[in-house]
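Engineer: Pasting upload_3.cif here (mmCIF, C-alpha atoms):
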```cif
data_entry
loop_
_atom_site.label_atom_id
_atom_site.label_comp_id
_atom_site.auth_asym_id
_atom_site.auth_seq_id
_atom_site.Cartn_x
_atom_site.Cartn_y
_atom_site.Cartn_z
CA MET A 1 66.31 -178.80 -43.24
CA ASP A 2 67.84 -181.54 -41.12
CA THR A 3 70.99 -182.97 -42.69
CA ARG A 4 72.98 -185.69 -41.05
CA MET A 5 76.39 -186.98 -41.92
CA ILE A 6 77.31 -190.58 -41.28
CA SER A 7 80.97 -191.43 -40.95
CA LEU A 8 83.07 -194.22 -39.61
CA SER A 9 84.88 -193.43 -36.40
CA PRO A 10 88.64 -194.02 -36.41
CA HIS A 11 88.03 -197.13 -34.29
CA GLY A 12 85.65 -198.59 -36.86
CA ILE A 13 87.92 -198.53 -39.88
CA ILE A 14 89.00 -201.97 -41.05
CA GLU A 15 92.74 -202.32 -40.64
CA LYS A 16 94.90 -202.89 -43.68
CA ASP A 17 95.73 -206.42 -42.55
CA VAL A 18 92.17 -207.67 -43.15
CA PRO A 19 92.56 -209.37 -46.56
CA ILE A 20 89.79 -209.79 -49.06
CA SER A 21 90.35 -213.55 -48.91
CA THR A 22 88.50 -213.51 -45.56
CA LEU A 23 85.41 -212.07 -47.29
CA GLN A 24 82.79 -213.80 -49.38
CA ILE A 25 84.07 -214.12 -52.94
CA GLU A 26 81.39 -214.76 -55.55
CA PRO A 27 81.92 -217.34 -58.31
CA ILE A 28 82.44 -215.99 -61.80
CA LEU A 29 81.93 -217.44 -65.24
CA LEU A 30 85.20 -217.94 -67.13
CA ALA A 31 85.14 -217.32 -70.86
CA ARG A 32 87.79 -217.55 -73.55
CA PRO A 33 88.59 -214.34 -75.43
CA ASP A 34 86.94 -215.78 -78.57
CA THR A 35 83.67 -216.73 -76.82
CA PRO A 36 80.76 -215.05 -78.64
CA VAL A 37 79.38 -212.19 -76.56
CA GLN A 38 75.81 -213.50 -76.88
CA GLU A 39 76.91 -216.68 -75.01
CA VAL A 40 78.48 -214.58 -72.25
CA SER A 41 75.36 -212.43 -72.06
CA PHE A 42 73.08 -215.47 -71.87
CA ALA A 43 75.14 -217.00 -69.04
CA LEU A 44 75.24 -213.72 -67.09
CA ASN A 45 71.50 -213.27 -67.44
CA GLN A 46 70.83 -216.71 -65.98
CA GLY A 47 71.50 -215.03 -62.66
CA SER A 48 74.12 -217.32 -61.14
CA PHE A 49 77.13 -215.12 -61.94
CA CYS A 50 77.79 -211.46 -61.19
CA MET A 51 80.47 -211.20 -63.88
CA ALA A 52 82.40 -213.10 -66.47
CA GLY A 53 86.15 -213.32 -66.33
CA VAL A 54 87.96 -213.50 -69.66
CA ALA A 55 90.94 -215.83 -69.25
CA ASP A 56 93.69 -217.09 -71.48
CA ALA A 57 94.48 -220.79 -71.94
CA GLY A 58 96.44 -220.82 -68.65
CA LYS A 59 93.42 -219.40 -66.76
CA GLN A 60 95.21 -216.07 -66.30
CA LEU A 61 92.64 -213.28 -66.12
CA ILE A 62 93.04 -210.86 -69.01
CA GLY A 63 89.74 -209.01 -68.58
CA PHE A 64 86.22 -209.12 -67.20
CA ILE A 65 82.70 -208.38 -68.32
CA GLU A 66 79.82 -207.22 -66.18
CA HIS A 67 76.35 -206.22 -67.32
CA MET A 68 77.23 -202.56 -67.92
CA ASP A 69 80.11 -203.55 -70.20
CA LEU A 70 77.53 -205.33 -72.37
CA VAL A 71 75.25 -202.29 -72.38
CA THR A 72 78.13 -199.97 -73.29
CA ALA A 73 79.24 -202.28 -76.09
CA GLY A 74 75.66 -202.58 -77.30
CA PHE A 75 75.32 -198.84 -77.80
CA GLY A 76 78.79 -198.63 -79.34
CA ALA A 77 79.49 -195.46 -81.29
CA TYR A 78 76.00 -194.18 -80.52
CA LEU A 79 76.80 -193.83 -76.82
CA GLY A 80 78.23 -190.32 -77.22
CA PHE A 81 75.11 -188.77 -78.70
CA VAL A 82 72.13 -190.88 -77.64
CA ASN A 83 69.93 -188.19 -76.15
CA ASN A 84 66.65 -188.31 -78.00
CA GLU A 85 64.11 -190.76 -79.34
CA ASP A 86 65.35 -190.50 -82.92
CA ALA A 87 68.90 -191.48 -81.94
CA LEU A 88 67.58 -194.34 -79.80
CA GLY A 89 65.60 -195.63 -82.77
CA LYS A 90 68.76 -195.65 -84.89
CA CYS A 91 70.83 -197.53 -82.35
CA ARG A 92 68.27 -200.25 -81.54
CA PRO A 93 69.35 -202.47 -84.49
CA PHE A 94 72.99 -201.89 -83.57
CA PHE A 95 72.33 -202.89 -79.97
CA SER A 96 70.23 -205.94 -80.78
CA GLY A 97 72.85 -207.14 -83.29
CA LEU A 98 75.26 -207.50 -80.39
CA PHE A 99 73.15 -210.19 -78.76
CA SER A 100 71.86 -211.95 -81.88
CA GLY A 101 75.34 -212.83 -83.06
CA ALA A 102 74.84 -210.85 -86.26
CA ARG A 103 77.78 -208.58 -85.43
CA ASN A 104 80.18 -211.46 -84.57
CA ILE A 105 81.46 -209.79 -81.39
CA HIS A 106 83.63 -211.77 -78.98
CA ALA A 107 84.29 -211.46 -75.25
CA SER A 108 87.66 -209.81 -75.93
CA HIS A 109 85.87 -206.97 -77.76
CA VAL A 110 83.70 -205.92 -74.81
CA MET A 111 85.82 -206.85 -71.79
CA CYS A 112 87.42 -204.40 -69.42
CA GLY A 113 91.12 -205.23 -69.49
CA GLU A 114 92.29 -202.61 -67.02
CA ARG A 115 94.59 -204.56 -64.71
CA ALA A 116 94.35 -201.91 -61.99
CA LEU A 117 90.81 -203.23 -61.45
CA PHE A 118 91.98 -206.80 -60.79
CA MET A 119 91.95 -207.09 -57.00
CA ARG A 120 94.52 -209.32 -55.31
CA GLU A 121 93.31 -211.75 -52.67
CA THR A 122 95.44 -209.77 -50.19
CA SER A 123 93.74 -206.42 -50.96
CA ASP A 124 92.00 -204.72 -48.06
CA PRO A 125 88.27 -203.96 -48.26
CA LEU A 126 88.53 -200.17 -47.96
CA SER A 127 91.01 -199.97 -50.83
CA ILE A 128 88.65 -202.01 -52.98
CA LEU A 129 85.68 -199.81 -52.07
CA LEU A 130 87.70 -196.72 -52.97
CA CYS A 131 88.63 -198.26 -56.33
CA MET A 132 84.97 -199.16 -56.97
CA ALA A 133 83.86 -195.63 -56.14
CA LYS A 134 86.46 -194.00 -58.38
CA ARG A 135 85.70 -196.30 -61.33
CA HIS A 136 81.93 -196.55 -60.84
CA ARG A 137 82.06 -200.32 -60.54
CA ARG A 138 79.82 -202.46 -58.32
CA VAL A 139 81.80 -205.66 -58.68
CA LEU A 140 85.48 -206.38 -59.31
CA PRO A 141 87.41 -209.57 -60.05
CA VAL A 142 89.72 -211.15 -57.49
CA VAL A 143 92.92 -212.80 -58.70
CA SER A 144 95.61 -214.89 -57.05
CA SER A 145 99.19 -213.67 -56.86
CA ALA A 146 99.77 -215.71 -60.04
CA GLY A 147 96.97 -213.82 -61.83
CA GLU A 148 94.45 -216.68 -61.88
CA ALA A 149 90.79 -215.74 -61.52
CA LEU A 150 89.45 -216.61 -58.07
CA GLY A 151 86.05 -214.94 -58.26
CA ALA A 152 84.56 -211.52 -57.69
CA VAL A 153 83.82 -209.25 -54.77
CA CYS A 154 80.70 -207.08 -54.68
CA ALA A 155 80.29 -203.64 -53.13
CA GLU A 156 77.35 -204.91 -51.06
CA THR A 157 79.57 -207.51 -49.37
CA LEU A 158 82.28 -204.97 -48.68
CA LEU A 159 79.85 -202.39 -47.31
CA SER A 160 78.22 -204.97 -45.09
CA THR A 161 81.64 -205.97 -43.72
CA VAL A 162 82.65 -202.36 -43.05
CA LEU A 163 79.34 -201.57 -41.33
CA ASP A 164 79.41 -204.78 -39.29
CA HIS A 165 82.98 -204.12 -38.22
CA ASP A 166 82.11 -200.52 -37.27
CA SER A 167 79.11 -201.60 -35.16
CA LYS A 168 81.23 -204.16 -33.28
CA CYS A 169 83.96 -201.60 -32.60
CA ASN A 170 81.50 -198.85 -31.67
CA PRO A 171 78.46 -200.25 -29.89
CA LYS A 172 75.60 -197.77 -29.42
CA GLY A 173 76.10 -195.47 -26.50
CA THR A 174 79.90 -195.54 -26.50
#
```
As a first step, turn the structure in this file into structure tokens.
Structural biologist:
Amino acid sequence: MDTRMISLSPHGIIEKDVPISTLQIEPILLARPDTPVQEVSFALNQGSFCMAGVADAGKQLIGFIEHMDLVTAGFGAYLGFVNNEDALGKCRPFFSGLFSGARNIHASHVMCGERALFMRETSDPLSILLCMAKRHRRVLPVVSSAGEALGAVCAETLLSTVLDHDSKCNPKGT
């Protein structure tokens, strides 16, 4: 069996002084903590935003919601034991109640508020990719030094930047 390992050469690694602010930052939807989750879900599913930031009145980011946060919240307490068709049948009403408004769930109930996942605009791309890998996240919010939401950065953008940088530093045949 032929196995190949791909790795970045030491010359291809992006230096720490390449800030995220030089990369493409995606726009995010901003929601208040009391915004009904079905409104957040509807806006996210329109396709123009990769995540919703949950901000206080001063536009300080206090959390964020991406699609998997909605799925996790939808399954709720059933998440730990959903492993057969019977359990799935029991949790369907619970899950659908999240999006119908019947459960009266707000953005603050489903958001991820882990501040370690709020990337600063000065963060370097490799550090962000490492954080994404450790936390199984595809997209993370970017905040200013004052904590205001600036947007989001996606793994695809970061990977593209790393690969492009590596190919420029290590042209084929060198």
Engineer: How many Å lie between atom CA of Phe42 of chain A and atom CA of Gly147 of chain A, rounded to one decimal?
Structural biologist: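 The value is 26.0 Å.
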Engineer: Work out how far atom CA of Ala116 of chain A is from atom CA of Ser160 of chain A, in Å to one decimal.
Structural biologist: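 Spanning atom CA of Ser160 of chain A to atom CA of Ala116 of chain A is a straight-line distance of 23.6 Å.
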Engineer: With all atoms listed in the file as the counted atoms, please give the residues lying no more than 9 Å from Ala149 of chain A, apart from itself and same-chain residues fewer than 2 positions off, as a ChimeraX atom specification.
Structural biologist: /A:28,30,53-55,59-61,141-144,147,151-152
Engineer: Got time to write the residues from that selection, C-alpha atoms, as an mmCIF file, in the frame of the given file?
Structural biologist:
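The file below, result36.cif, is the result:
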```
data_model
loop_
_atom_site.group_PDB
_atom_site.id
_atom_site.type_symbol
_atom_site.label_atom_id
_atom_site.label_comp_id
_atom_site.auth_asym_id
_atom_site.auth_seq_id
_atom_site.Cartn_x
_atom_site.Cartn_y
_atom_site.Cartn_z
ATOM 1 C CA ILE A 28 82.440 -215.990 -61.800
ATOM 2 C CA LEU A 30 85.200 -217.940 -67.130
ATOM 3 C CA GLY A 53 86.150 -213.320 -66.330
ATOM 4 C CA VAL A 54 87.960 -213.500 -69.660
ATOM 5 C CA ALA A 55 90.940 -215.830 -69.250
ATOM 6 C CA LYS A 59 93.420 -219.400 -66.760
ATOM 7 C CA GLN A 60 95.210 -216.070 -66.300
ATOM 8 C CA LEU A 61 92.640 -213.280 -66.120
ATOM 9 C CA PRO A 141 87.410 -209.570 -60.050
ATOM 10 C CA VAL A 142 89.720 -211.150 -57.490
ATOM 11 C CA VAL A 143 92.920 -212.800 -58.700
ATOM 12 C CA SER A 144 95.610 -214.890 -57.050
ATOM 13 C CA GLY A 147 96.970 -213.820 -61.830
ATOM 14 C CA GLY A 151 86.050 -214.940 -58.260
ATOM 15 C CA ALA A 152 84.560 -211.520 -57.690
#
```
Engineer: Given the file shown, enumerate the residues that the PyMOL selection byres ((chain A and resi 105) around 6) captures and present them as JSON, numbers by chain.
Structural biologist: {"A": [36, 37, 103, 104, 106]}
Engineer: Between atom CA of Asp56 of chain A and atom CA of Met68 of chain A, what distance in Å does the model show, to one decimal?
Structural biologist: 22.2 Å
Engineer: Name the closest residue to Pro125 of chain A among the candidates A:Ser100, A:Val139, A:Ala155, A:Asp34; distances are taken between atoms, counting only C-alpha atoms.
Structural biologist: A:Ala155
